[in-house]
Every structure is written in C-alpha cells, then in structure tokens.
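Quick notes on the structure that follows.
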Amino acid sequence: MLKFFFLFASLCLLGACNQTYQQNGHKTSDALTRVKALDYYKVNEPVENLDNDVPNPLSRDNKVFLPGRTFVYNYTYLKNNQPQTCVVTVDQSGKGGLIPWKLSPQPQYNELNHPVEQIRLRVCKTKAHTSLANEQTIIKYEYWNKKGRILIPLLTGVVEDSSQIFLHPPRGYAFLMTEFNPFPIIKFPLKLGKTWKNENHIPPSMVEELIKIDEVAVRTIQYTIDSKTLLKTTLGDLVCYKVIASSKGQINGQPKESKLHAFFNEEYGFVKLNYTNIDGSLLTFDLMDIIDDKLVSK
C-alpha cells in the first residue's frame, strides 16, 4: 500500500504544480516566467492551493498534523564539509520555463538571488482543490527568508492514521535530493526494534533538474525503531523515538545508498531529520516552532 502512496504522491505533486508552475526542471507558466525579481515575494497562490469549504475527513482524527497547524523548520546543508544555502535565482536567459536554484556557501541577497532560510509545513484545513485529499491530509511546503515567502508553496500530502504516519518531505529546489532518501515514516504501536520495508519508484522526469537518470529508479528502504531518547529542541526537552532507515538501489547502473535518522515525538511529530544523501552530502531539518490556527467552522 505504501508503495502506491510513494508513486501516487509523486504523480499528484507533478500534476498540482503543472497547474501554475513547477520547480527543478518542470515547466512554469508564461505568467510566472515574467514575474520580476522584486516580485518573487508577491506571488499569489493559485486557487488550486487554497482551502475550500469541504472538510477533509481524513484529517479529523489527526493527533500531530492538525488542520491549520504550521511546522517551522530550519535546515543545514553540508557538502564536502562546507555549509551551503539553497538560493532561488532568476532566469536571465530570456527563455523562461524554469525556476533555477543553486547551492551557495556565501549566499547574497539581491534582486537575482533569494536564499532559502526556513521551510514551513502548513496543514490545510480542508480538502483544498485536489483529488490527493481523497487519500491523504493535504500539506503545503513554503520556502521563506527574512523578506518573506519565496514564490508559491508546493502542495503534497501526509498520511496519519492509527497504524502509521507517512510524511512526504520538502522536495522543492535543492531539497529535491530527498526524493532519493527514505521518507519520514513511523509505525504504530511504537515499539523498540520494530522493522518494516518500503519501495520508492522515481520517474526520470521527477528529478531531471537534479540528476539525469536513464530509467525509473527503484529504491528499497529498510526502517528500524532503534531507540528512545531525550532530545533538546527549541520546544523543550522532548522524548523521541529514533528511527534509522536506509535506501538502496541502482542509479544509472551504479549502486547508491542514502540514510535517514529521524526523531519522532508523539505530540510534535518529526522534530529532527538527519539525512545522508546519495552524493554524500548531509541535510538536516530541525523543528523550531509550531503555530496552531483556528479550524474552519463545519
């Protein structure tokens, strides 16, 4: 079933982005390619991204991903032991069609460079306007810096029920690398030593701006609830279950492995995600804050 969710969510993500724009190798609309650099913080969300008046019954019993809740994450990206920042740049070729990005050790703020400092995961209050809501709770990833939100959020989903939480990670810009990594998953009931497996099938079009692959990349993923620990966070000292996961498979004929150490708290969800990417770089997401919004009336 989870194999279906991996593939289904990837296809839905592509479909949702196609309605307005797509990042990392996917075509933008003509309107967005004409957005001036200084307007990168003034782009209105498309109607497809907005809440409607139809409650999502799949969110009703959520304990972590509550409708209207926002999770605020900081990140660190180390490549060759050097800190990097993801920078959204402006296409100066005049051809349009892409929202380019780069990793930079010394990011600059100007009309051509928009560093990503923070990632916000917003849980939609309703079904929004996507068929993905028939299978999952709808979430949006927003990319922020001190000037505001960069362009528009990317729509995807999270599964939360009595048996598991299955979270799609941020995959915009340089964070597309997480597509090759183990997705954050926890299985209930929580028990040390519990193991499970999954597969992820990645089509070439999904990751073409990051890496060119010859065929669908099949990733075999192994998870283990390794230990229970007290983790110091900005939200306090939190009791967390540590999940260790590895993702293995061939990419263009070469074996590539990625890893995840995820720290899960029963109230706040995934408070820390430590990734080792397929290229050896290190990516960490740290939960800094949670903001709860009022639910829409039903």
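Chain labels A, B, ... are given in the sequence in which chains occur in the structure tokens; within each chain residues are numbered consecutively from 1, and ligands are likewise numbered from 1 in the order shown.
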
I'd like the contact shell of A:Leu50 - 12 Å cut-off, only C-alpha atoms, skipping same-chain residues fewer than 3 positions apart - returned as a short mmCIF file (atom, residue, chain, number, x, y, z; two decimals) with N, CA, C and O atoms, in the first residue's frame.
data_model
loop_
_atom_site.label_atom_id
_atom_site.label_comp_id
_atom_site.auth_asym_id
_atom_site.auth_seq_id
_atom_site.Cartn_x
_atom_site.Cartn_y
_atom_site.Cartn_z
N ASN A 44 0.73 35.53 -5.67
CA ASN A 44 -0.44 34.97 -5.01
C ASN A 44 -0.55 33.48 -5.29
O ASN A 44 -0.22 33.02 -6.39
N GLU A 45 -1.02 32.74 -4.30
CA GLU A 45 -1.23 31.31 -4.51
C GLU A 45 -2.36 31.10 -5.51
O GLU A 45 -3.35 31.84 -5.51
N PRO A 46 -2.25 30.06 -6.34
CA PRO A 46 -3.35 29.74 -7.25
C PRO A 46 -4.54 29.21 -6.47
O PRO A 46 -4.40 28.71 -5.34
N VAL A 47 -5.70 29.30 -7.06
CA VAL A 47 -6.93 28.82 -6.40
C VAL A 47 -6.80 27.37 -6.00
O VAL A 47 -7.29 26.95 -4.94
N ASP A 53 -14.44 24.97 1.27
CA ASP A 53 -15.37 24.77 2.38
C ASP A 53 -15.72 23.30 2.57
O ASP A 53 -16.74 22.96 3.17
N VAL A 54 -14.84 22.40 2.07
CA VAL A 54 -15.09 20.96 2.19
C VAL A 54 -14.10 20.35 3.17
O VAL A 54 -12.92 20.18 2.84
N ARG A 122 2.64 23.72 6.17
CA ARG A 122 1.30 24.12 6.58
C ARG A 122 0.31 23.00 6.28
O ARG A 122 0.30 22.46 5.18
N VAL A 123 -0.51 22.68 7.26
CA VAL A 123 -1.55 21.66 7.08
C VAL A 123 -2.83 22.37 6.64
O VAL A 123 -3.32 23.27 7.33
N CYS A 124 -3.35 21.98 5.49
CA CYS A 124 -4.59 22.59 5.01
C CYS A 124 -5.75 22.26 5.95
O CYS A 124 -5.81 21.17 6.53
N LYS A 125 -6.67 23.19 6.08
CA LYS A 125 -7.81 23.00 6.96
C LYS A 125 -8.89 22.14 6.31
O LYS A 125 -9.75 21.59 7.00
N THR A 126 -8.86 22.07 4.98
CA THR A 126 -9.92 21.38 4.24
C THR A 126 -9.29 20.48 3.17
O THR A 126 -8.10 20.21 3.18
N LYS A 127 -10.11 20.07 2.20
CA LYS A 127 -9.62 19.26 1.09
C LYS A 127 -8.86 20.10 0.07
O LYS A 127 -8.26 19.55 -0.86
N ALA A 128 -8.92 21.44 0.22
CA ALA A 128 -8.37 22.33 -0.80
C ALA A 128 -9.04 21.99 -2.13
O ALA A 128 -10.23 21.73 -2.18
N HIS A 129 -8.28 21.95 -3.22
CA HIS A 129 -8.89 21.67 -4.52
C HIS A 129 -8.10 20.59 -5.24
O HIS A 129 -7.73 20.74 -6.41
N THR A 130 -7.81 19.50 -4.55
CA THR A 130 -7.01 18.44 -5.15
C THR A 130 -7.58 17.07 -4.80
O THR A 130 -8.04 16.84 -3.67
N ILE A 138 -3.87 17.12 3.24
CA ILE A 138 -3.12 17.99 2.34
C ILE A 138 -2.22 18.92 3.13
O ILE A 138 -2.64 19.54 4.11
N ILE A 139 -0.96 19.01 2.70
CA ILE A 139 0.00 19.92 3.30
C ILE A 139 0.66 20.75 2.21
O ILE A 139 0.64 20.39 1.03
N LYS A 140 1.24 21.88 2.62
CA LYS A 140 1.95 22.76 1.70
C LYS A 140 3.31 23.09 2.29
O LYS A 140 3.42 23.41 3.48
N ILE A 152 5.47 30.49 -4.63
CA ILE A 152 4.28 29.87 -4.04
C ILE A 152 4.63 28.52 -3.44
O ILE A 152 5.64 27.91 -3.79
N PRO A 153 3.80 28.04 -2.50
CA PRO A 153 4.08 26.75 -1.86
C PRO A 153 3.89 25.59 -2.83
O PRO A 153 3.23 25.71 -3.86
N LEU A 154 4.48 24.45 -2.46
CA LEU A 154 4.26 23.21 -3.19
C LEU A 154 3.31 22.33 -2.40
O LEU A 154 3.49 22.10 -1.20
N LEU A 155 2.31 21.81 -3.08
CA LEU A 155 1.26 21.00 -2.47
C LEU A 155 1.64 19.53 -2.48
O LEU A 155 2.11 19.00 -3.49
#

Please produce, as a Markdown table, a per-residue contact table for stretch 148-226 of chain A versus stretch 281-295 of chain A (criterion: any atom at most 10 Å away, only C-alpha atoms considered), showing the nearest atom pair and its distance in Å to one decimal, sorted by chain then residue number.
| residue | atom | partner | partner_atom | distance |
| --- | --- | --- | --- | --- |
| A:Pro169 | CA | A:Phe285 | CA | 9.9 |
| A:Pro170 | CA | A:Phe285 | CA | 9.9 |
| A:Phe175 | CA | A:Leu283 | CA | 8.7 |
| A:Met177 | CA | A:Leu283 | CA | 9.3 |
| A:Thr178 | CA | A:Leu283 | CA | 8.9 |

Output of the above residues as a CSV table (one decimal), in the first residue's frame, restricted to N, CA, C and O atoms:
chain,number,residue,atom,x,y,z
A,169,PRO,N,8.5,14.6,2.4
A,169,PRO,CA,9.4,15.6,2.8
A,169,PRO,C,9.4,16.8,1.8
A,169,PRO,O,8.8,16.7,0.7
A,170,PRO,N,10.0,17.9,2.2
A,170,PRO,CA,10.1,19.0,1.2
A,170,PRO,C,11.0,18.6,0.0
A,170,PRO,O,12.0,18.0,0.2
A,175,PHE,N,16.2,20.8,-2.3
A,175,PHE,CA,15.6,19.7,-1.4
A,175,PHE,C,15.0,18.6,-2.2
A,175,PHE,O,14.5,17.6,-1.6
A,177,MET,N,16.6,16.5,-3.5
A,177,MET,CA,17.5,15.4,-3.2
A,177,MET,C,16.8,14.4,-2.3
A,177,MET,O,17.1,13.2,-2.3
A,178,THR,N,15.8,14.9,-1.5
A,178,THR,CA,15.2,14.0,-0.6
A,178,THR,C,14.3,12.9,-1.3
A,178,THR,O,13.9,11.9,-0.6

Please, which residues of stretch 73-138 of chain A, numbered as in this document, come out strand (DSSP E) from DSSP, as number ranges by chain?
A: 73-79, 82-89, 101-104, 113-115, 118-123, 137-138

Go through stretch 104-176 of chain A residue by residue and, counting only C-alpha atoms, keep those with an atom at most 12 Å from stretch 80-88 of chain A; for each kept residue give the shortest atom pair and its distance in Å to one decimal, ordered by chain and increasing number, as JSON lines.
{"residue": "A:Ser104", "atom": "CA", "partner": "A:Gln84", "partner_atom": "CA", "distance": 5.2}
{"residue": "A:Pro105", "atom": "CA", "partner": "A:Gln84", "partner_atom": "CA", "distance": 4.5}
{"residue": "A:Gln106", "atom": "CA", "partner": "A:Gln84", "partner_atom": "CA", "distance": 7.5}
{"residue": "A:Pro107", "atom": "CA", "partner": "A:Thr85", "partner_atom": "CA", "distance": 6.5}
{"residue": "A:Gln108", "atom": "CA", "partner": "A:Val87", "partner_atom": "CA", "distance": 8.6}
{"residue": "A:Tyr109", "atom": "CA", "partner": "A:Val87", "partner_atom": "CA", "distance": 9.3}
{"residue": "A:Asn110", "atom": "CA", "partner": "A:Val87", "partner_atom": "CA", "distance": 10.9}
{"residue": "A:Glu111", "atom": "CA", "partner": "A:Val88", "partner_atom": "CA", "distance": 10.6}
{"residue": "A:Leu112", "atom": "CA", "partner": "A:Val88", "partner_atom": "CA", "distance": 8.3}
{"residue": "A:Asn113", "atom": "CA", "partner": "A:Val88", "partner_atom": "CA", "distance": 6.0}
{"residue": "A:His114", "atom": "CA", "partner": "A:Val88", "partner_atom": "CA", "distance": 5.0}
{"residue": "A:Pro115", "atom": "CA", "partner": "A:Val87", "partner_atom": "CA", "distance": 4.1}
{"residue": "A:Val116", "atom": "CA", "partner": "A:Cys86", "partner_atom": "CA", "distance": 5.5}
{"residue": "A:Glu117", "atom": "CA", "partner": "A:Thr85", "partner_atom": "CA", "distance": 7.6}
{"residue": "A:Gln118", "atom": "CA", "partner": "A:Cys86", "partner_atom": "CA", "distance": 10.1}
{"residue": "A:Ile119", "atom": "CA", "partner": "A:Cys86", "partner_atom": "CA", "distance": 11.2}
{"residue": "A:Tyr143", "atom": "CA", "partner": "A:Val88", "partner_atom": "CA", "distance": 9.7}
{"residue": "A:Trp144", "atom": "CA", "partner": "A:Val88", "partner_atom": "CA", "distance": 10.6}
{"residue": "A:Asn145", "atom": "CA", "partner": "A:Val87", "partner_atom": "CA", "distance": 10.2}
{"residue": "A:Arg149", "atom": "CA", "partner": "A:Val88", "partner_atom": "CA", "distance": 11.6}
{"residue": "A:Ile150", "atom": "CA", "partner": "A:Val88", "partner_atom": "CA", "distance": 8.2}
{"residue": "A:Leu151", "atom": "CA", "partner": "A:Val88", "partner_atom": "CA", "distance": 9.5}
{"residue": "A:Gly172", "atom": "CA", "partner": "A:Cys86", "partner_atom": "CA", "distance": 10.1}
{"residue": "A:Tyr173", "atom": "CA", "partner": "A:Val88", "partner_atom": "CA", "distance": 7.4}
{"residue": "A:Ala174", "atom": "CA", "partner": "A:Cys86", "partner_atom": "CA", "distance": 6.1}
{"residue": "A:Phe175", "atom": "CA", "partner": "A:Cys86", "partner_atom": "CA", "distance": 8.3}
{"residue": "A:Leu176", "atom": "CA", "partner": "A:Cys86", "partner_atom": "CA", "distance": 11.1}

Please write the residues from the selection above to a file, keeping C-alpha atoms, as a compact mmCIF listing (two decimals), in the first residue's frame.
# COMPACT_ATOMS: atom_id res chain seq x y z
CA SER A 104 25.97 28.61 -2.27
CA PRO A 105 28.45 28.75 0.67
CA GLN A 106 28.06 32.55 0.83
CA PRO A 107 24.53 33.47 -0.26
CA GLN A 108 23.77 37.05 -1.23
CA TYR A 109 20.50 38.94 -1.03
CA ASN A 110 19.78 40.90 -4.20
CA GLU A 111 17.20 41.05 -6.97
CA LEU A 112 18.70 37.97 -8.64
CA ASN A 113 19.33 35.78 -5.57
CA HIS A 114 16.79 34.73 -2.95
CA PRO A 115 18.30 32.49 -0.23
CA VAL A 116 16.02 29.96 1.49
CA GLU A 117 16.43 30.30 5.25
CA GLN A 118 13.40 28.48 6.56
CA ILE A 119 10.83 25.89 5.48
CA TYR A 143 10.18 28.48 1.43
CA TRP A 144 10.98 31.63 3.42
CA ASN A 145 13.69 34.16 4.18
CA ARG A 149 7.73 33.74 1.29
CA ILE A 150 9.51 32.93 -1.98
CA LEU A 151 7.09 32.33 -4.89
CA GLY A 172 11.42 21.98 -3.86
CA TYR A 173 14.67 23.44 -5.22
CA ALA A 174 17.82 21.78 -3.78
CA PHE A 175 15.63 19.74 -1.42
CA LEU A 176 14.60 17.60 -4.39

Between A:Arg60, A:Pro55, A:Thr76, A:Tyr41, single out the one closest to A:Lys146, counting only C-alpha atoms.
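That would be A:Tyr41, the residue with the smallest distance to A:Lys146.
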
Point-to-point distance from atom CA of A:Val159 to atom CA of A:Phe270, Å rounded to tenths
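Atom-to-atom, atom CA of A:Val159 and atom CA of A:Phe270 are spaced 13.4 Å apart.
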
Which residues are near stretch 236-241 of chain A? Cut-off 10 Å, only C-alpha atoms, ignore same chain within fewer than 6 positions. Put them as JSON, numbers by chain.
{"A": [186, 190, 191, 192, 225, 226, 227, 228, 229, 230, 262, 263, 264, 265, 266, 267, 268, 269, 270, 271, 272]}

So which residues touch A:Asn181 within 7 Å, counting only C-alpha atoms, skipping near sequence neighbours fewer than 2 positions away, as a ChimeraX atom specification?
/A:178-179,183,247,258-259,277

Next, the residues of the selection above should be written as a short mmCIF file (atom, residue, chain, number, x, y, z; two decimals), in the first residue's frame with C-alpha atoms.
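As written to disk, part30.cif reads:
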data_model
loop_
_atom_site.label_atom_id
_atom_site.label_comp_id
_atom_site.auth_asym_id
_atom_site.auth_seq_id
_atom_site.Cartn_x
_atom_site.Cartn_y
_atom_site.Cartn_z
CA THR A 178 15.17 13.97 -0.55
CA GLU A 179 13.31 12.09 -3.30
CA PHE A 183 10.71 9.28 3.55
CA SER A 247 17.54 3.45 0.96
CA SER A 258 21.12 7.19 1.31
CA LYS A 259 20.26 7.21 5.01
CA ASN A 277 22.25 11.98 0.61
#

Could you name the residues that touch A:Ser163 at 12 Å or less, counting only C-alpha atoms, but leaving out those on the same chain fewer than 3 positions away, as an NGL selection string?
:A and (2 or 62 or 159-160 or 166 or 185-190)

Those same residues, written as an mmCIF file, in the first residue's frame with all heavy atoms?
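Printed below is part36.cif as written:
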data_model
loop_
_atom_site.group_PDB
_atom_site.id
_atom_site.type_symbol
_atom_site.label_atom_id
_atom_site.label_comp_id
_atom_site.auth_asym_id
_atom_site.auth_seq_id
_atom_site.Cartn_x
_atom_site.Cartn_y
_atom_site.Cartn_z
ATOM 1 N N LEU A 2 1.929 1.255 0.823
ATOM 2 C CA LEU A 2 2.787 2.429 0.880
ATOM 3 C C LEU A 2 3.545 2.639 -0.414
ATOM 4 O O LEU A 2 3.859 3.760 -0.788
ATOM 5 C CB LEU A 2 3.770 2.301 2.049
ATOM 6 C CG LEU A 2 3.141 2.547 3.418
ATOM 7 C CD1 LEU A 2 4.168 2.387 4.509
ATOM 8 C CD2 LEU A 2 2.528 3.927 3.480
ATOM 9 N N ASN A 62 -6.527 13.279 13.280
ATOM 10 C CA ASN A 62 -5.086 13.506 13.374
ATOM 11 C C ASN A 62 -4.701 14.017 14.759
ATOM 12 O O ASN A 62 -5.400 14.851 15.346
ATOM 13 C CB ASN A 62 -4.632 14.524 12.323
ATOM 14 C CG ASN A 62 -4.621 13.943 10.919
ATOM 15 O OD1 ASN A 62 -5.045 12.815 10.695
ATOM 16 N ND2 ASN A 62 -4.136 14.726 9.966
ATOM 17 N N VAL A 159 0.009 11.057 5.391
ATOM 18 C CA VAL A 159 -0.940 10.054 5.860
ATOM 19 C C VAL A 159 -0.763 9.912 7.366
ATOM 20 O O VAL A 159 0.343 9.640 7.844
ATOM 21 C CB VAL A 159 -0.700 8.686 5.178
ATOM 22 C CG1 VAL A 159 -1.646 7.638 5.761
ATOM 23 C CG2 VAL A 159 -0.884 8.801 3.674
ATOM 24 N N GLU A 160 -1.830 10.133 8.116
ATOM 25 C CA GLU A 160 -1.798 9.906 9.562
ATOM 26 C C GLU A 160 -3.036 9.111 9.949
ATOM 27 O O GLU A 160 -4.166 9.568 9.764
ATOM 28 C CB GLU A 160 -1.754 11.219 10.341
ATOM 29 C CG GLU A 160 -1.716 10.991 11.850
ATOM 30 C CD GLU A 160 -1.573 12.267 12.672
ATOM 31 O OE1 GLU A 160 -1.405 13.347 12.071
ATOM 32 O OE2 GLU A 160 -1.629 12.172 13.912
ATOM 33 N N PHE A 166 3.003 8.824 7.601
ATOM 34 C CA PHE A 166 3.812 8.766 6.382
ATOM 35 C C PHE A 166 3.881 10.182 5.829
ATOM 36 O O PHE A 166 2.889 10.720 5.341
ATOM 37 C CB PHE A 166 3.148 7.818 5.383
ATOM 38 C CG PHE A 166 3.830 7.701 4.049
ATOM 39 C CD1 PHE A 166 4.497 6.543 3.702
ATOM 40 C CD2 PHE A 166 3.788 8.740 3.128
ATOM 41 C CE1 PHE A 166 5.114 6.429 2.459
ATOM 42 C CE2 PHE A 166 4.399 8.641 1.897
ATOM 43 C CZ PHE A 166 5.064 7.480 1.556
ATOM 44 N N ILE A 185 8.710 8.041 8.050
ATOM 45 C CA ILE A 185 7.592 7.149 8.352
ATOM 46 C C ILE A 185 7.767 6.623 9.773
ATOM 47 O O ILE A 185 8.883 6.315 10.194
ATOM 48 C CB ILE A 185 7.533 5.957 7.375
ATOM 49 C CG1 ILE A 185 7.363 6.432 5.928
ATOM 50 C CG2 ILE A 185 6.389 5.012 7.741
ATOM 51 C CD1 ILE A 185 7.422 5.302 4.908
ATOM 52 N N ILE A 186 6.667 6.534 10.502
ATOM 53 C CA ILE A 186 6.668 5.884 11.808
ATOM 54 C C ILE A 186 5.493 4.916 11.841
ATOM 55 O O ILE A 186 4.432 5.202 11.287
ATOM 56 C CB ILE A 186 6.566 6.914 12.962
ATOM 57 C CG1 ILE A 186 6.881 6.269 14.304
ATOM 58 C CG2 ILE A 186 5.235 7.608 12.968
ATOM 59 C CD1 ILE A 186 8.335 5.984 14.529
ATOM 60 N N LYS A 187 5.698 3.755 12.449
ATOM 61 C CA LYS A 187 4.656 2.732 12.530
ATOM 62 C C LYS A 187 4.175 2.593 13.969
ATOM 63 O O LYS A 187 4.976 2.598 14.908
ATOM 64 C CB LYS A 187 5.205 1.385 12.040
ATOM 65 C CG LYS A 187 5.522 1.328 10.549
ATOM 66 C CD LYS A 187 4.277 1.138 9.721
ATOM 67 C CE LYS A 187 4.612 0.825 8.273
ATOM 68 N NZ LYS A 187 3.402 0.570 7.466
ATOM 69 N N PHE A 188 2.858 2.467 14.125
ATOM 70 C CA PHE A 188 2.254 2.260 15.441
ATOM 71 C C PHE A 188 1.790 0.809 15.581
ATOM 72 O O PHE A 188 1.432 0.175 14.586
ATOM 73 C CB PHE A 188 1.067 3.209 15.621
ATOM 74 C CG PHE A 188 1.417 4.666 15.472
ATOM 75 C CD1 PHE A 188 0.789 5.444 14.504
ATOM 76 C CD2 PHE A 188 2.373 5.257 16.275
ATOM 77 C CE1 PHE A 188 1.098 6.781 14.353
ATOM 78 C CE2 PHE A 188 2.697 6.596 16.131
ATOM 79 C CZ PHE A 188 2.055 7.358 15.169
ATOM 80 N N PRO A 189 1.768 0.282 16.812
ATOM 81 C CA PRO A 189 2.220 0.933 18.046
ATOM 82 C C PRO A 189 3.741 1.056 18.067
ATOM 83 O O PRO A 189 4.455 0.261 17.455
ATOM 84 C CB PRO A 189 1.716 -0.006 19.143
ATOM 85 C CG PRO A 189 1.648 -1.350 18.483
ATOM 86 C CD PRO A 189 1.245 -1.080 17.069
ATOM 87 N N LEU A 190 4.220 2.073 18.768
ATOM 88 C CA LEU A 190 5.654 2.317 18.861
ATOM 89 C C LEU A 190 6.306 1.243 19.723
ATOM 90 O O LEU A 190 5.899 1.014 20.859
ATOM 91 C CB LEU A 190 5.907 3.701 19.462
ATOM 92 C CG LEU A 190 5.370 4.881 18.641
ATOM 93 C CD1 LEU A 190 5.432 6.164 19.448
ATOM 94 C CD2 LEU A 190 6.132 5.019 17.339
#

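The shortest atom-to-atom distance to A:Leu235, with only C-alpha atoms taken into account, belongs to A:Tyr73 out of A:Tyr73, A:Asp61, A:Asn52, A:Gln222.
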
Neighbouring residues of A:Ser59 were defined as those with any atom within 7 Å, considering only C-alpha atoms; residues of the same chain fewer than 6 positions away were excluded. Please report them as a compact mmCIF listing (two decimals) with C-alpha atoms, in the first residue's frame.
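As written to disk, around01.txt reads:
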# COMPACT_ATOMS: atom_id res chain seq x y z
CA LEU A 66 -3.84 19.05 12.85
CA PRO A 67 -5.77 21.12 10.29
CA THR A 137 -4.21 15.10 4.58

May I ask which of the residues A:Asn200, A:Thr89, A:Thr156, A:Asn49 is the closest one to A:Gly249, counting only C-alpha atoms?
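Nearest to A:Gly249: A:Asn200.
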